[in-house]
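> So that you have it, the file is target-v7.tsv, and it contains TSV, C-alpha atoms:
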chain	number	residue	atom	x	y	z
A	1	MET	CA	11.00	-3.38	75.48
A	2	GLY	CA	8.34	-5.74	74.20
A	3	HIS	CA	10.56	-8.25	72.37
A	4	ASP	CA	12.21	-11.63	72.83
A	5	SER	CA	15.40	-12.62	71.09
A	6	SER	CA	17.50	-15.68	70.45
A	7	THR	CA	20.76	-16.10	68.58
A	8	PHE	CA	22.16	-19.04	66.69
A	9	LYS	CA	25.08	-19.66	64.39
A	10	HIS	CA	24.25	-19.48	60.71
A	11	VAL	CA	26.86	-19.51	57.95
A	12	GLN	CA	25.44	-19.09	54.49
A	13	SER	CA	27.34	-17.29	51.76
A	14	ASN	CA	25.20	-18.16	48.73
A	15	ARG	CA	22.24	-15.98	49.78
A	16	ARG	CA	21.57	-12.30	49.33
A	17	PHE	CA	23.18	-11.81	52.74
A	18	SER	CA	26.27	-13.43	54.20
A	19	TYR	CA	27.09	-13.50	57.89
A	20	ALA	CA	28.23	-15.82	60.64
A	21	ARG	CA	25.70	-14.91	63.31
A	22	TRP	CA	22.25	-13.41	63.29
A	23	THR	CA	19.56	-12.58	65.77
A	24	VAL	CA	15.94	-13.51	65.41
A	25	VAL	CA	13.66	-10.98	66.99
A	26	ALA	CA	9.97	-11.40	67.70
A	27	ALA	CA	9.39	-7.67	67.63
A	28	MET	CA	6.47	-5.58	68.75
A	29	THR	CA	4.68	-6.44	65.49
A	30	SER	CA	4.77	-10.14	66.52
A	31	CYS	CA	6.31	-11.19	63.20
A	32	LEU	CA	9.52	-13.09	62.45
A	33	TRP	CA	12.47	-10.71	61.89
A	34	HIS	CA	16.22	-11.08	61.59
A	35	ALA	CA	18.95	-8.61	62.25
A	36	CYS	CA	22.45	-9.20	61.04
A	37	THR	CA	24.77	-8.87	64.03
A	38	TYR	CA	27.44	-7.18	61.93
A	39	ALA	CA	25.58	-4.74	59.66
A	40	GLY	CA	22.20	-3.52	58.58
A	41	PRO	CA	18.79	-3.02	60.11
A	42	ALA	CA	16.35	-5.69	61.27
A	43	MET	CA	14.41	-7.08	58.31
A	44	LEU	CA	11.17	-9.04	58.19
A	45	ILE	CA	11.86	-12.66	57.21
A	46	ARG	CA	8.27	-13.58	56.37
A	47	ASP	CA	4.83	-12.48	57.53
A	48	LEU	CA	3.46	-15.90	58.47
A	49	ASN	CA	0.00	-14.67	59.48
A	50	ALA	CA	-0.79	-11.84	57.09
A	51	GLY	CA	-2.48	-8.85	58.65
A	52	PRO	CA	-2.18	-7.06	61.97
A	53	ALA	CA	-2.61	-10.13	64.21
A	54	GLY	CA	0.99	-11.34	63.79
A	55	SER	CA	2.18	-14.94	64.22
A	56	ASN	CA	3.76	-14.55	67.67
A	57	PRO	CA	6.88	-16.65	66.93
A	58	ARG	CA	8.42	-18.22	70.04
A	59	MET	CA	10.25	-21.33	71.29
A	60	PHE	CA	13.35	-20.66	69.17
A	61	ILE	CA	15.80	-23.55	68.96
A	62	ALA	CA	18.72	-23.98	66.55
A	63	LEU	CA	19.03	-27.21	64.59
A	64	ASP	CA	22.06	-27.21	62.31
A	65	ASP	CA	21.62	-24.33	59.82
A	66	ARG	CA	17.91	-23.89	60.60
A	67	LEU	CA	15.89	-22.35	63.35
A	68	LEU	CA	12.81	-24.25	64.53
A	69	PHE	CA	10.10	-22.28	66.30
A	70	ALA	CA	6.40	-22.21	67.13
A	71	ALA	CA	4.16	-19.69	65.37
A	72	THR	CA	0.43	-19.12	65.00
A	73	THR	CA	-1.53	-18.69	61.78
A	74	ALA	CA	-5.27	-18.52	61.14
A	75	ALA	CA	-5.09	-21.63	58.93
A	76	GLU	CA	-2.95	-23.93	61.15
A	77	GLY	CA	-3.16	-22.54	64.68
A	78	GLU	CA	0.08	-22.66	66.70
A	79	GLU	CA	2.42	-25.19	65.10
A	80	LEU	CA	6.08	-26.04	64.45
A	81	TRP	CA	7.88	-23.94	61.76
A	82	ARG	CA	11.43	-23.69	60.42
A	83	THR	CA	13.54	-21.00	58.78
A	84	ASP	CA	16.98	-20.64	57.28
A	85	GLY	CA	16.69	-16.85	57.57
A	86	SER	CA	15.15	-16.30	54.13
A	87	GLU	CA	11.52	-15.82	53.12
A	88	SER	CA	11.56	-18.83	50.77
A	89	GLY	CA	13.35	-20.95	53.39
A	90	THR	CA	10.63	-20.38	56.01
A	91	SER	CA	7.87	-23.00	56.12
A	92	LEU	CA	5.53	-25.02	58.29
A	93	VAL	CA	7.23	-28.22	59.47
A	94	SER	CA	4.04	-30.05	60.42
A	95	ASP	CA	0.42	-29.26	61.21
A	96	ILE	CA	0.48	-31.64	64.18
A	97	TYR	CA	-3.06	-30.78	65.33
A	98	ALA	CA	-4.69	-30.55	61.89
A	99	GLY	CA	-6.59	-27.46	60.81
A	100	ALA	CA	-6.88	-24.22	62.74
A	101	ASN	CA	-6.42	-26.03	66.06
A	102	SER	CA	-3.10	-25.66	67.89
A	103	SER	CA	-0.62	-28.33	68.95
A	104	VAL	CA	1.16	-25.64	71.03
A	105	PRO	CA	4.75	-26.95	70.70
A	106	SER	CA	6.67	-26.22	73.89
A	107	TYR	CA	9.62	-27.24	76.09
A	108	PRO	CA	12.03	-27.81	73.16
A	109	TRP	CA	15.35	-29.56	73.70
A	110	ARG	CA	17.94	-30.37	71.06
A	111	PHE	CA	19.22	-33.92	71.00
A	112	GLY	CA	21.65	-34.72	68.18
A	113	THR	CA	19.90	-34.07	64.87
A	114	ASP	CA	16.42	-33.81	66.44
A	115	ILE	CA	14.53	-31.63	68.84
A	116	TYR	CA	12.22	-33.11	71.45
A	117	PHE	CA	9.19	-31.11	72.57
A	118	ARG	CA	5.65	-31.30	73.89
A	119	ALA	CA	2.76	-31.12	71.41
A	120	THR	CA	-0.98	-31.73	71.64
A	121	THR	CA	-3.34	-33.74	69.43
A	122	PRO	CA	-7.01	-34.65	69.96
A	123	THR	CA	-6.17	-38.37	69.87
A	124	HIS	CA	-3.31	-38.40	72.40
A	125	GLY	CA	-3.45	-35.12	74.33
A	126	ALA	CA	-0.15	-33.37	75.16
A	127	GLU	CA	2.69	-35.88	74.70
A	128	LEU	CA	6.42	-36.11	73.82
A	129	TRP	CA	7.25	-35.43	70.15
A	130	LYS	CA	10.44	-35.15	68.13
A	131	SER	CA	11.38	-33.48	64.86
A	132	ASN	CA	14.40	-33.25	62.60
A	133	GLY	CA	12.87	-30.17	60.98
A	134	THR	CA	11.09	-32.03	58.18
A	135	PRO	CA	7.45	-33.16	57.88
A	136	THR	CA	8.40	-36.85	57.60
A	137	GLY	CA	10.86	-36.55	60.48
A	138	THR	CA	8.24	-35.20	62.91
A	139	SER	CA	6.36	-37.73	65.05
A	140	MET	CA	5.08	-38.55	68.51
A	141	VAL	CA	7.70	-40.42	70.55
A	142	TYR	CA	5.45	-42.07	73.09
A	143	ASP	CA	1.94	-41.76	74.50
A	144	VAL	CA	2.82	-41.78	78.23
A	145	ARG	CA	-0.78	-41.28	79.31
A	146	ILE	CA	-2.46	-43.64	76.87
A	147	GLY	CA	-5.58	-42.28	75.21
A	148	THR	CA	-6.78	-38.71	74.94
A	149	GLY	CA	-5.49	-37.64	78.36
A	150	SER	CA	-2.33	-35.52	78.50
A	151	SER	CA	0.93	-36.52	80.18
A	152	ASN	CA	2.18	-32.91	79.77
A	153	PRO	CA	5.89	-33.76	79.36
A	154	ALA	CA	8.15	-30.95	80.54
A	155	TYR	CA	11.73	-30.15	81.53
A	156	ILE	CA	13.09	-32.24	78.65
A	157	CYS	CA	16.87	-32.69	78.66
A	158	ASP	CA	19.70	-34.96	77.49
A	159	VAL	CA	21.66	-36.82	80.16
A	160	GLY	CA	24.41	-39.03	78.75
A	161	GLY	CA	22.54	-39.85	75.55
A	162	VAL	CA	19.18	-40.40	77.23
A	163	VAL	CA	16.18	-38.07	76.89
A	164	ILE	CA	14.87	-37.34	80.40
A	165	PHE	CA	11.57	-35.56	81.08
A	166	SER	CA	8.81	-35.27	83.65
A	167	ALA	CA	5.31	-36.50	82.75
A	168	PHE	CA	1.96	-37.43	84.29
A	169	SER	CA	0.77	-40.98	83.60
A	170	THR	CA	-2.08	-41.84	85.98
A	171	THR	CA	-3.66	-40.46	89.11
A	172	SER	CA	-2.15	-43.36	91.08
A	173	VAL	CA	1.38	-42.45	89.93
A	174	GLY	CA	1.08	-38.71	89.29
A	175	THR	CA	3.91	-36.71	87.71
A	176	GLU	CA	7.20	-38.57	87.72
A	177	LEU	CA	10.54	-38.76	85.91
A	178	TYR	CA	10.65	-40.66	82.58
A	179	TYR	CA	13.35	-41.50	80.05
A	180	HIS	CA	13.55	-42.31	76.35
A	181	LEU	CA	16.49	-44.02	74.63
A	182	PRO	CA	16.75	-42.60	71.09
A	183	PRO	CA	17.87	-45.01	68.39
A	184	VAL	CA	21.63	-45.14	67.89
A	185	SER	CA	22.76	-43.62	64.59
A	186	ASN	CA	25.05	-45.73	62.39
A	187	ASP	CA	26.58	-42.66	60.69
Kindly present the structure from the file in structure tokens form.

Amino acid sequence: MGHDSSTFKHVQSNRRFSYARWTVVAAMTSCLWHACTYAGPAMLIRDLNAGPAGSNPRMFIALDDRLLFAATTAAEGEELWRTDGSESGTSLVSDIYAGANSSVPSYPWRFGTDIYFRATTPTHGAELWKSNGTPTGTSMVYDVRIGTGSSNPAYICDVGGVVIFSAFSTTSVGTELYYHLPPVSND
């Protein structure tokens, strides 16, 4: 009643808690919580937007031992955040739409060591972005609808190593299917 949840694997034995799986719960207080699946009550990870307003965390997606998510604060608006399940390990990834404005990250999809998602800026509108969970690893992939207009990429997925998504480019083309070939890793 009144909450969303998402689970992801997390193995960390050098913290004050040790467990193999935990649940993140955006509870009725609209703050970021975790509950160990095996023992103990739900505990607040970090109050990102101090006060009664809450940060409304959403868009949970696992990326290795971190959880990336969107949350809202008075200072940054709705932006991309990350957590490892600890207060000190929870931080803003990037203030994509600088200041109190919101980039509204949405439609996340994991692809290898990155997530692809839609985000909005005043210069490019809503376009396809990617992040590896670090500030320097977060960037716009492509401005499908060049200029300040939005292509509104959605339904992002991986098909055989290709990022596929729908987007709007021009009124003469409308919303169509697009693809992006991520660089090949030499690891």
> Just how far from CA of Ala70 in chain A is CA of Asp114 in chain A, in Å to one decimal?
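Rounded to one decimal, the two atoms are 15.3 Å apart.
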> Determine the axis-aligned bounding box of all atoms of range 76-84 of chain A present in the file, pad each side by 3 Å, and express its centre and edge lengths in Å to one decimal place as lines of an AutoDock Vina configuration file.

center_x = 6.9
center_y = -23.3
center_z = 62.0
size_x = 26.1
size_y = 11.4
size_z = 15.4
> Identify, on the basis of all atoms listed in the file, every residue whose closest approach to Trp129 in chain A does not exceed 6 Å; exclude the query and any residue fewer than 4 positions from it along the same chain; express the result as a compact mmCIF listing (two decimals) with C-alpha atoms, in the coordinates of the input.

# COMPACT_ATOMS: atom_id res chain seq x y z
CA TYR A 116 12.22 -33.11 71.45
CA PHE A 117 9.19 -31.11 72.57
CA ARG A 118 5.65 -31.30 73.89
CA SER A 139 6.36 -37.73 65.05
CA MET A 140 5.08 -38.55 68.51
CA VAL A 141 7.70 -40.42 70.55
> Around (16.9, -40.4, 79.1), as given in the file, which residues come within 7 Å? Count all atoms listed in the file and list them as a PyMOL selection string.
chain A and resi 158-159+161-164+179-181
> Could you tell me how far CA of Gly133 in chain A sits from CA of Ile115 in chain A, in Å to one decimal place?
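Distance reported for this atom pair: 8.2 Å.
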> Which residue gives the smallest distance to Thr134 in chain A among A:Gly77, A:Thr175, A:Asp95, A:Ser169, with all atoms listed in the file counted?
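Nearest to Thr134 in chain A: A:Asp95.
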> In Å, rounded to a single decimal, give me how far CA of Ser86 in chain A is from CA of Val104 in chain A.
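Result for CA of Val104 in chain A versus CA of Ser86 in chain A: 23.8 Å, one decimal.
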> For Ser91 in chain A, list every protein, DNA or RNA residue within 9 Å, evaluated using all atoms listed in the file, and leave out those in the same chain fewer than 6 positions away; present the list as number ranges by chain.
A: 48, 81-83
> Please provide the set of residues having any atom within 8 Å of Gly125 in chain A, restricted to all atoms listed in the file, with same-chain residues fewer than 5 positions apart removed, written as a ChimeraX atom specification.
/A:119-120,147-151
> Closest to Asn132 in chain A among A:Asn101, A:Ser94, A:Ser172, A:Thr73, using only C-alpha atoms?
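Closest to Asn132 in chain A of all the choices is A:Ser94.
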